[in-house]
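Engineer: Okay, handing you the structure first.
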Protein chains: 4
Amino acid sequence: MSTINVGIIGAGRIGKIHAENIAYFMPQAKIAAIADLNMTPAIEAWAKSLGIPKALKDPAALMADKDISAILICSSTDTHADFVVKAAQAGKHVFCEKPVDLTVAKVQSALDAAKKAGVKLQVGFNRRFDHNFRRVRDLVESGAVGTPQLVKITSRDPAPPPPAYVAVSGGIFLDMMIHDFDMARFQAGSEVVEVYAAGAVLVDPAIGKAGDVDTAIVTLRFANGALGVIDNSRKAIYGYDQRVEVFGSRGAASAENDAPSTVKLSNESGVIGDKPLFFFLERYKDAFIAEMRAFLDAVASGKPTTVTGEDGLQDLLVALAAKKSLAEGRPVKISEIA
Amino acid sequence: MSTINVGIIGAGRIGKIHAENIAYFMPQAKIAAIADLNMTPAIEAWAKSLGIPKALKDPAALMADKDISAILICSSTDTHADFVVKAAQAGKHVFCEKPVDLTVAKVQSALDAAKKAGVKLQVGFNRRFDHNFRRVRDLVESGAVGTPQLVKITSRDPAPPPPAYVAVSGGIFLDMMIHDFDMARFQAGSEVVEVYAAGAVLVDPAIGKAGDVDTAIVTLRFANGALGVIDNSRKAIYGYDQRVEVFGSRGAASAENDAPSTVKLSNESGVIGDKPLFFFLERYKDAFIAEMRAFLDAVASGKPTTVTGEDGLQDLLVALAAKKSLAEGRPVKISEIA
Amino acid sequence: MSTINVGIIGAGRIGKIHAENIAYFMPQAKIAAIADLNMTPAIEAWAKSLGIPKALKDPAALMADKDISAILICSSTDTHADFVVKAAQAGKHVFCEKPVDLTVAKVQSALDAAKKAGVKLQVGFNRRFDHNFRRVRDLVESGAVGTPQLVKITSRDPAPPPPAYVAVSGGIFLDMMIHDFDMARFQAGSEVVEVYAAGAVLVDPAIGKAGDVDTAIVTLRFANGALGVIDNSRKAIYGYDQRVEVFGSRGAASAENDAPSTVKLSNESGVIGDKPLFFFLERYKDAFIAEMRAFLDAVASGKPTTVTGEDGLQDLLVALAAKKSLAEGRPVKISEIA
Amino acid sequence: MSTINVGIIGAGRIGKIHAENIAYFMPQAKIAAIADLNMTPAIEAWAKSLGIPKALKDPAALMADKDISAILICSSTDTHADFVVKAAQAGKHVFCEKPVDLTVAKVQSALDAAKKAGVKLQVGFNRRFDHNFRRVRDLVESGAVGTPQLVKITSRDPAPPPPAYVAVSGGIFLDMMIHDFDMARFQAGSEVVEVYAAGAVLVDPAIGKAGDVDTAIVTLRFANGALGVIDNSRKAIYGYDQRVEVFGSRGAASAENDAPSTVKLSNESGVIGDKPLFFFLERYKDAFIAEMRAFLDAVASGKPTTVTGEDGLQDLLVALAAKKSLAEGRPVKISEIA
């Protein structure tokens with residue numbers, strides 16, 4: 001099997017994670033170049049230490065490089081869709097961080113470009129590759145829970161983002177719960193057809209002033225008849241709370257949080273265990289590796305990617321419907337959005 | 001402290017449970033008489049074995065008995081409100097099984113009668129006395145979870161009732177989820193102001209034909225700003241699933257199911273623990289005792305009951321709002337009902 | 001089925017527990033009389049409240065009462081064996097609190113008397129009736145763990161007894177670990193043939209001055225080839241620690257502690273659960289009921305009791321062997337004791 | 001900080017694990033060469049893929065290489081001590097896989113050589129670096145459990161080694177329980193002064209024929225007065241069982257097994273969780289990384305290593321005492337061995 005030459009656009013936190021994971025764990029791939037509009041000596045030194053031969057400013061050079069067959073898009077969200085289009089037109093397979101875009105039209109254009117070019121497009125919904133959630137899905141697929149009837153997701157962050165971020169991110173449904181919409185669709189094995197969103201500002205009034213909520217409960221109705229519910233909070237004082245449950249006719253599969261250790265201290269106060277792993281870098285460390293491996297496997301084998309561009313589009317539609325539901329105080333059909 | 005003489009109306013399953021609990025565990029009370037329109041020799045023999053001196057057909061005799069100071073109403077739901085009124089008019093304290101009635105008007109009349117007579121009225125929402133849920137509430141009251149932001153309740157039965165029952169019970173919100181509405185209000189320490197109900201028929205089509213759903217997710221908005229969500233299923237194959245979680249600014253308190261034992265079997269298949277306690281008789285055995293003890297304590301001390309008639313009314317309003325929400329496919333304010 | 005008339009000797013804590021359990025939960029039996037050398041008005045009042053017709057000083061009256069068919073011996077340990085003999089000679093079935101005696105000769109005389117009289121003799125090793133340990137044993141009996149290879153018991157008290165008690169009780173192996181020896185034999189389904197005891201004074205120097213240890217680890221070898229280990233401490237600051245594990249060729253069954261609730265509080269400090277139920281009255285509440293029911297069932301059915309006099313004798317032999325092992329610093333065979 | 005050049009002796013399973021961990025995760029070190037008496041083209045190819053410049057047959061070349069400052073000894077046990085001596089004499093710091101040797105004299109000679117040369121010597125007791133056991137130790141060191149009184153270790157393998165291995169390994173105490181002796185000393189923070197070993201052949205008669213046992217319980221007495229107990233089985237059908245508990249005057253810290261996921265399936269059979277991680281490669285994956293990082297840190301900083309040669313010696317003494325105890329059927333003092 002020939003080596004896959006990879007180009008990376010964006011050397012921020014997530015770009016670096018993917019680069020290091022490929023360098024350390026994926027002998028089937030080589031990072032041929034990394035590009036960042038804000039290339040710095042520090043990034044150059046880091047790239048060198050990983051054995052990446054080129055650290056550039058201009059992503060265009062990656063697109064033009066004949067030896068590169070796959071591009072990872074890890075730049076800011078507003079640039080994603082354009083880079084997908086350009087990479088696809090250059091015949092590169094594309095791994096694009098989530099979300100592809102905040103508008104349906106641009107996501108659609110990216111999907112069209114990838115389809116037309118016949119290249120793979122995987123979107124970075126890394127949680128599908130989490131060991132716990134993957135195990136739940138395996139149980140569902142095996143028939144162990146029977147017909148899914150309820151999908152329940154708890155997803156709470158350890159600390160809220162700055163209100164300034166909320167203003168540009170698209171808000172809680174587009175920057176946070178979109179992961180859970182993807183998870184819900186993944187677990188239910190069915191598309192969402194209707195949502196109802198209830199929200200409140202209970203964590204930080206500044207988030208409310210920025211026009212968003214920080215606490216939300218969203219009810220989902222799936223095409224296969226199942227129901228779902230997601231709760232989000234921007235701040236769980238005990239850390240990152242990431243749980244999933246699928247309840248069906250033959251049983252229920254539920255994933256609890258991961259913790260740094262299994263140790264319990266029993267004393268006069270009670271029986272005290274560890275808090276959950278702190279945040280997504282800790283919790284989804286292995287999931288980031290697994291998603292990249294899956295992408296490279298899809299590129300190498302020619303088989304479909306696990307999280308497609310179409311998934312990214314559907315997740316966006318659900319998030320936009322939730323936003324509309326919150327604004328209008330009524331259940332909203334996904335068909336109203338497209 | 002003088003003994004409280006109790007009269008019981010209804011010698012069905014729940015009437016018998018209360019009678020036995022008083023006879024075995026509550027020396028502060030004596031059962032002076034039990035009345036059942038369908039009095040049988042078997043009930044008479046059972047009453048005798050408990051040392052109950054009178055087993056009658058006509059509840060009127062209990063109302064007229066000067067020695068009786070408290071009446072337990074354990075007859076069929078449609079008779080509850082009338083018996084509350086009569087007992088109150090006779091100056092008896094009243095413990096009434098839930099629901100007081102399926103209509104707001106009749107519940108209100110019962111409350112008015114109790115208020116006018118100056119007698120206590122406790123409604124049989126026994127789950128407030130469950131050791132797990134009481135512990136959650138204690139943590140909330142102690143401030144350990146800070147300001148409550150989310151209340152989550154999972155409540156699933158091991159097997160659905162006969163469809164014929166659903167037709168007269170008022171449906172899932174009035175016969176099943178009403179317990180959870182009461183629990184939600186109890187845990188939030190606040191009244192529900194709006195609900196949104198999503199429902200589906202996933203367990204038994206006959207329930208759908210009877211005009212009800214068997215699976216439901218209801219979102220709640222509380223007066224204090226917190227949000228809540230309840231999921232119900234008429235059939236969990238693994239048994240009675242009764243969990244509660246209160247999430248707040250300083251932490252989360254969550255109650256898991258009780259099981260018959262703590263034993264785990266580790267073998268080639270995995271690590272296998274017990275299913276939850278089978279159904280409400282097993283799970284809430286001690287809660288039935290505790291609620292009766294609380295009622296008798298309130299009678300003896302003159303202090304307010306733990307679950308008041310007003311609680312029963314509010315729970316009914318929420319249930320009716322949920323029913324309306326499901327029918328109309330929109331969030332419904334509680335103020336629309338009254 | 002005719003009612004079993006029961007006489008109770010000893011109205012201390014454990015005598016009262018058995019009396020109340022029979023009065024409340026066992027309609028198949030009636031307490032005809034209770035005798036206590038230190039009969040007081042308080043005990044008389046309590047007996048009256050339970051409907052016990054006679055509260056006496058002299059146990060001889062119970063022995064002479066033709067209507068009484070079963071005697072519960074709940075007096076001080078030094079009187080047990082003599083009462084067993086007298087009751088047996090009077091043709092009464094006997095439930096005797098543990099231990100029957102601290103000497104092999106007196107236990108043997110009690111067993112002989114019961115055997116000669118053809119009456120049942122059950123010894124009060126209540127833990128065999130605990131829901132958790134019974135479940136472990138059921139799994140072992142069902143073959144789910146295969147051939148037992150290791151039996152592990154952790155048994156720690158919340159607080160040490162007064163040193164004065166230790167001086168007369170026979171010490172940790174005879175007053176505390178004897179329960180665990182019985183549990184080990186019960187779970188292994190085999191007799192102990194050799195023990196090695198290691199002990200230390202780590203909790204209270206006064207216990208050491210009284211000639212005993214307060215912390216001990218005892219290794220067991222069973223006739224069927226399996227090994228066992230028990231650890232005891234007189235003081236676990238987090239409460240009563242009662243765990244059992246049976247490991248075998250096909251799996252392991254392990255029982256964890258029971259707690260007052262399943263509630264977990266997640267906050268900045270960790271995930272905090274309840275301590276175990278405080279002490280034996282809380283933990284073994286239902287086991288006391290179950291053992292008495294088993295005794296009455298054996299009396300009524302004529303079938304063997306669950307914990308026989310022979311069990312009590314074997315447990316004593318193991319305890320004496322452990323005491324000798326500790327004193328001599330070497331493994332001791334049970335055959336050295338008898 | 002200058003890079004540490006490392007030489008590795010032995011390219012078997014454990015040698016490869018250390019090589020890959022250094023190559024992937026430890027930029028502070030470079031593998032300058034690897035030597036294996038049975039060097040093969042496959043090993044050469046693997047070494048090349050990791051960027052190791054030299055793959056040799058003769059370890060002498062590593063000893064002679066001036067650029068190499070640290071040697072990892074991952075060859076067969078019988079060669080360990082000699083290589084330690086040679087490496088020390090060449091002025092290299094040494095990481096030596098456990099055990100250093102099966103005889104006290106050779107271990108002592110290795111320690112003497114390291115001491116004389118003033119080089120670091122770390123022995124590969126990787127479990128000290130396990131996240132769970134490290135957390136237990138941290139709690140002990142913090143004072144959270146007070147004065148340690150009991151140390152309990154369960155350590156069971158998923159499958160027995162071939163009987164032929166047992167014949168040369170030194171047996172269960174020297175090849176398996178030696179890890180647990182090290183863990184016990186680590187957790188107790190004190191040396192073992194006496195052991196009593198009980199053993200049985202319950203898993204495989206061929207192990208018995210090879211002169212060893214496959215099931216053992218060993219009682220430990222520590223210099224600080226605490227007691228300990230370890231149970232080993234060569235075969236736990238549910239997988240690798242690795243648990244540790246430290247019980248003390250102020251509480252108990254206990255580590256449960258790690259599992260591949262937190263997912264529970266609730267169905268008609270019960271509530272089913274994952275088995276433990278399969279074996280040491282899965283369970284101690286991160287511990288192997290952490291121990292190597294600790295070794296390199298000690299080399300770089302000049303501070304003591306975490307697991308010293310003296311630890312290796314003490315562990316061996318305890319293992320030999322256990323072997324003697326089993327053979328002679330009596331408790332054996334460590335002072336009898338040296």
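All residue names refer to the structure tokens as shown: chains lettered A, B, ... in order, residues numbered from 1 in each chain, ligands numbered from 1 in order.
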Could you list the residues in chain C lying within 8 Å of chain B, using only C-alpha atoms, and format the result as number ranges by chain?

Structural biologist: C: 24-25, 131-132, 135-136, 145, 250-258, 260-268

Engineer: Could you go through segment 107-276 of chain B and tell me which residues DSSP, when run on the backbone, assigns to strand (DSSP E or B), listing them as a ChimeraX atom specification?

Structural biologist: /B:121-123,148-156,192-200,215-222,227-233,241-248,251-255,264-267,270-273

Engineer: Residues near Asp157 of chain B, anyone? I mean within 12 Å using only C-alpha atoms, not counting same-chain ones fewer than 2 positions away, as a PyMOL selection string.

Structural biologist: chain B and resi 154-155+159-161+172+175-177+203+214-215+231-243+276-281+283

Engineer: Could you save the residues just selected, with C-alpha atoms, as a short mmCIF file (atom, residue, chain, number, x, y, z; two decimals), in the first residue's frame?

Structural biologist:
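Result file is part.cif:
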```
data_model
loop_
_atom_site.label_atom_id
_atom_site.label_comp_id
_atom_site.auth_asym_id
_atom_site.auth_seq_id
_atom_site.Cartn_x
_atom_site.Cartn_y
_atom_site.Cartn_z
CA THR B 154 -36.48 9.03 33.61
CA SER B 155 -39.56 7.01 34.45
CA ALA B 159 -44.98 -3.44 31.22
CA PRO B 160 -47.85 -1.43 29.78
CA PRO B 161 -51.31 -1.45 31.35
CA ILE B 172 -50.02 8.55 30.04
CA ASP B 175 -51.94 8.17 35.12
CA MET B 176 -48.18 7.81 34.80
CA MET B 177 -46.24 11.01 34.16
CA VAL B 203 -44.80 -0.11 22.48
CA ASP B 214 -46.91 5.00 25.18
CA THR B 215 -43.64 6.89 24.86
CA ASP B 231 -39.11 10.74 29.54
CA ASN B 232 -41.68 8.00 29.96
CA SER B 233 -42.05 4.61 28.37
CA ARG B 234 -44.78 2.14 29.15
CA LYS B 235 -42.36 -0.75 28.72
CA ALA B 236 -38.73 -1.13 29.74
CA ILE B 237 -37.80 -4.74 29.20
CA TYR B 238 -35.24 -4.61 32.03
CA GLY B 239 -37.80 -3.43 34.57
CA TYR B 240 -38.79 -0.31 36.43
CA ASP B 241 -36.49 2.56 35.54
CA GLN B 242 -36.75 5.42 38.02
CA ARG B 243 -33.99 7.98 37.93
CA PRO B 276 -33.64 -2.73 38.89
CA LEU B 277 -36.26 -3.69 41.47
CA PHE B 278 -39.20 -4.93 39.43
CA PHE B 279 -42.01 -2.41 39.88
CA PHE B 280 -43.46 0.17 42.23
CA LEU B 281 -44.44 -2.27 44.96
CA ARG B 283 -39.18 0.00 44.62
#
```

Engineer: With only C-alpha atoms as the counted atoms, please give the residues lying no more than 9 Å from Ala35 of chain C, apart from itself and same-chain residues fewer than 4 positions off, as a PyMOL selection string.

Structural biologist: chain C and resi 7-11+39+54-62

Engineer: Write the selection just made, keeping N, CA and C atoms, as a PDB file, in the first residue's frame?

Structural biologist:
```
ATOM      1  N   GLY C   7     -41.400 -19.271  72.409  1.00  0.00           N
ATOM      2  CA  GLY C   7     -40.948 -18.625  73.637  1.00  0.00           C
ATOM      3  C   GLY C   7     -39.581 -18.024  73.419  1.00  0.00           C
ATOM      4  N   ILE C   8     -39.356 -16.858  73.999  1.00  0.00           N
ATOM      5  CA  ILE C   8     -38.078 -16.191  73.805  1.00  0.00           C
ATOM      6  C   ILE C   8     -37.375 -16.036  75.151  1.00  0.00           C
ATOM      7  N   ILE C   9     -36.100 -16.419  75.202  1.00  0.00           N
ATOM      8  CA  ILE C   9     -35.306 -16.210  76.413  1.00  0.00           C
ATOM      9  C   ILE C   9     -34.321 -15.084  76.138  1.00  0.00           C
ATOM     10  N   GLY C  10     -34.459 -14.012  76.883  1.00  0.00           N
ATOM     11  CA  GLY C  10     -33.573 -12.863  76.669  1.00  0.00           C
ATOM     12  C   GLY C  10     -34.306 -11.750  75.956  1.00  0.00           C
ATOM     13  N   ALA C  11     -34.451 -10.598  76.620  1.00  0.00           N
ATOM     14  CA  ALA C  11     -35.153  -9.466  76.014  1.00  0.00           C
ATOM     15  C   ALA C  11     -34.200  -8.289  75.811  1.00  0.00           C
ATOM     16  N   MET C  39     -36.047  -8.879  84.108  1.00  0.00           N
ATOM     17  CA  MET C  39     -37.311  -8.327  83.611  1.00  0.00           C
ATOM     18  C   MET C  39     -37.576  -6.968  84.260  1.00  0.00           C
ATOM     19  N   LYS C  54     -47.236 -13.105  78.028  1.00  0.00           N
ATOM     20  CA  LYS C  54     -46.495 -13.303  79.276  1.00  0.00           C
ATOM     21  C   LYS C  54     -45.087 -12.745  79.182  1.00  0.00           C
ATOM     22  N   ALA C  55     -44.702 -11.966  80.199  1.00  0.00           N
ATOM     23  CA  ALA C  55     -43.327 -11.487  80.304  1.00  0.00           C
ATOM     24  C   ALA C  55     -42.820 -11.906  81.678  1.00  0.00           C
ATOM     25  N   LEU C  56     -41.882 -12.869  81.700  1.00  0.00           N
ATOM     26  CA  LEU C  56     -41.495 -13.534  82.946  1.00  0.00           C
ATOM     27  C   LEU C  56     -40.034 -13.301  83.277  1.00  0.00           C
ATOM     28  N   LYS C  57     -39.693 -13.709  84.503  1.00  0.00           N
ATOM     29  CA  LYS C  57     -38.288 -13.712  84.877  1.00  0.00           C
ATOM     30  C   LYS C  57     -37.647 -15.063  84.561  1.00  0.00           C
ATOM     31  N   ASP C  58     -38.370 -16.096  84.873  1.00  0.00           N
ATOM     32  CA  ASP C  58     -37.765 -17.429  84.880  1.00  0.00           C
ATOM     33  C   ASP C  58     -37.981 -18.190  83.574  1.00  0.00           C
ATOM     34  N   PRO C  59     -36.910 -18.511  82.881  1.00  0.00           N
ATOM     35  CA  PRO C  59     -37.041 -19.264  81.633  1.00  0.00           C
ATOM     36  C   PRO C  59     -37.623 -20.657  81.831  1.00  0.00           C
ATOM     37  N   ALA C  60     -37.542 -21.164  83.041  1.00  0.00           N
ATOM     38  CA  ALA C  60     -38.035 -22.524  83.282  1.00  0.00           C
ATOM     39  C   ALA C  60     -39.512 -22.648  82.929  1.00  0.00           C
ATOM     40  N   ALA C  61     -40.239 -21.558  83.146  1.00  0.00           N
ATOM     41  CA  ALA C  61     -41.666 -21.582  82.830  1.00  0.00           C
ATOM     42  C   ALA C  61     -41.902 -21.829  81.347  1.00  0.00           C
ATOM     43  N   LEU C  62     -40.994 -21.284  80.484  1.00  0.00           N
ATOM     44  CA  LEU C  62     -41.131 -21.505  79.040  1.00  0.00           C
ATOM     45  C   LEU C  62     -40.888 -22.969  78.700  1.00  0.00           C
TER      46      LEU C  62
END
```

Engineer: Quick one: residues within 10 Å of Ala327 of chain D, only C-alpha atoms counted, chain neighbours fewer than 6 positions away excluded, as a PyMOL selection string?

Structural biologist: chain D and resi 197-199+321

Engineer: Would you mind exporting the chosen residues as a PDB file, in the first residue's frame, restricted to N, CA, C and O atoms?

Structural biologist:
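File produced: result-v6.pdb:
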```
ATOM      1  N   ALA D 197       2.759 -17.906  52.677  1.00  0.00           N
ATOM      2  CA  ALA D 197       2.194 -18.215  51.373  1.00  0.00           C
ATOM      3  C   ALA D 197       1.389 -19.503  51.418  1.00  0.00           C
ATOM      4  O   ALA D 197       1.883 -20.534  51.863  1.00  0.00           O
ATOM      5  N   ALA D 198       0.140 -19.410  50.946  1.00  0.00           N
ATOM      6  CA  ALA D 198      -0.681 -20.603  50.740  1.00  0.00           C
ATOM      7  C   ALA D 198      -0.887 -20.739  49.245  1.00  0.00           C
ATOM      8  O   ALA D 198      -1.147 -19.736  48.566  1.00  0.00           O
ATOM      9  N   GLY D 199      -0.752 -21.947  48.735  1.00  0.00           N
ATOM     10  CA  GLY D 199      -0.880 -22.119  47.290  1.00  0.00           C
ATOM     11  C   GLY D 199      -1.629 -23.386  46.957  1.00  0.00           C
ATOM     12  O   GLY D 199      -1.780 -24.278  47.795  1.00  0.00           O
ATOM     13  N   ALA D 321      11.147 -15.501  49.812  1.00  0.00           N
ATOM     14  CA  ALA D 321      10.576 -15.868  51.112  1.00  0.00           C
ATOM     15  C   ALA D 321       9.223 -16.538  50.938  1.00  0.00           C
ATOM     16  O   ALA D 321       8.885 -17.504  51.627  1.00  0.00           O
TER      17      ALA D 321
END
```

Engineer: I want to know what sits within 12 Å of Ala223 of chain A, based on only C-alpha atoms, with residues of the same chain fewer than 2 positions away left out; could you give that as an mmCIF file with C-alpha atoms, in the first residue's frame?

Structural biologist:
```cif
data_model
loop_
_atom_site.group_PDB
_atom_site.id
_atom_site.type_symbol
_atom_site.label_atom_id
_atom_site.label_comp_id
_atom_site.auth_asym_id
_atom_site.auth_seq_id
_atom_site.Cartn_x
_atom_site.Cartn_y
_atom_site.Cartn_z
ATOM 1 C CA PRO A 148 -34.594 2.314 19.168
ATOM 2 C CA GLN A 149 -37.361 4.313 20.846
ATOM 3 C CA ARG A 185 -28.604 10.859 14.220
ATOM 4 C CA ALA A 188 -30.822 6.552 16.086
ATOM 5 C CA GLY A 189 -29.735 5.480 12.618
ATOM 6 C CA SER A 190 -32.359 7.849 11.300
ATOM 7 C CA GLU A 191 -32.795 11.464 10.250
ATOM 8 C CA VAL A 192 -34.314 14.110 12.481
ATOM 9 C CA VAL A 193 -37.603 15.414 11.074
ATOM 10 C CA GLU A 194 -38.680 17.854 13.788
ATOM 11 C CA VAL A 195 -37.173 19.648 16.776
ATOM 12 C CA LEU A 220 -36.091 15.445 18.523
ATOM 13 C CA ARG A 221 -38.428 13.386 16.393
ATOM 14 C CA GLY A 225 -40.592 7.230 14.780
ATOM 15 C CA ALA A 226 -38.132 7.332 17.681
ATOM 16 C CA LEU A 227 -37.887 10.353 19.956
ATOM 17 C CA GLY A 228 -34.753 12.000 21.274
ATOM 18 C CA LYS A 333 -39.799 20.718 10.986
ATOM 19 C CA ILE A 334 -36.439 20.199 9.319
ATOM 20 C CA SER A 335 -38.233 20.526 6.011
ATOM 21 C CA ALA B 200 -45.250 8.336 20.077
#
```

Engineer: At a cut-off of 12 Å, using only C-alpha atoms, what residues contact Gly302 of chain A? Leave out same-chain residues fewer than 5 positions from it and give the result as a list of chain:residue names.

Structural biologist: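 With the cut-off at 12 Å, the set is A:His93, A:Gly118, A:Val119, A:Lys120, A:Leu121, A:Ala294, A:Phe295, A:Leu296, A:Asp297.
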
Engineer: Just to confirm, what's the straight-line distance from atom CA of Ala113 of chain B to atom CA of Phe125 of chain B in Å (one decimal)?

Structural biologist: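 Atom-to-atom, atom CA of Ala113 of chain B to atom CA of Phe125 of chain B, that is 20.2 Å.
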
Engineer: Could you please write out, as a list in words, every residue of segment 183-271 of chain A that DSSP assigns to alpha helix (DSSP H)?

Structural biologist: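 The alpha helix (DSSP H) residues within segment 183-271 of chain A come out as Met183, Ala184, Arg185, Phe186, Gln187, Ala188, Pro205, Ala206, Ile207, Gly208 and Lys209 of chain A.
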
Engineer: Restricting it to C-alpha atoms, dump the selection as an mmCIF file, in the first residue's frame.

Structural biologist:
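Printed below is out.cif as written:
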```
data_model
loop_
_atom_site.group_PDB
_atom_site.id
_atom_site.type_symbol
_atom_site.label_atom_id
_atom_site.label_comp_id
_atom_site.auth_asym_id
_atom_site.auth_seq_id
_atom_site.Cartn_x
_atom_site.Cartn_y
_atom_site.Cartn_z
ATOM 1 C CA MET A 183 -24.525 11.871 17.759
ATOM 2 C CA ALA A 184 -28.312 11.575 17.955
ATOM 3 C CA ARG A 185 -28.604 10.859 14.220
ATOM 4 C CA PHE A 186 -25.719 8.404 14.476
ATOM 5 C CA GLN A 187 -27.252 6.504 17.366
ATOM 6 C CA ALA A 188 -30.822 6.552 16.086
ATOM 7 C CA PRO A 205 -25.949 36.972 31.545
ATOM 8 C CA ALA A 206 -23.386 38.161 29.008
ATOM 9 C CA ILE A 207 -24.272 35.180 26.838
ATOM 10 C CA GLY A 208 -27.864 36.329 26.955
ATOM 11 C CA LYS A 209 -26.811 39.834 25.926
#
```

Engineer: Separation of atom CA of Asp212 of chain D and atom CA of Ala322 of chain D, in Å?

Structural biologist: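 Result for atom CA of Asp212 of chain D versus atom CA of Ala322 of chain D: 12.2 Å, one decimal.
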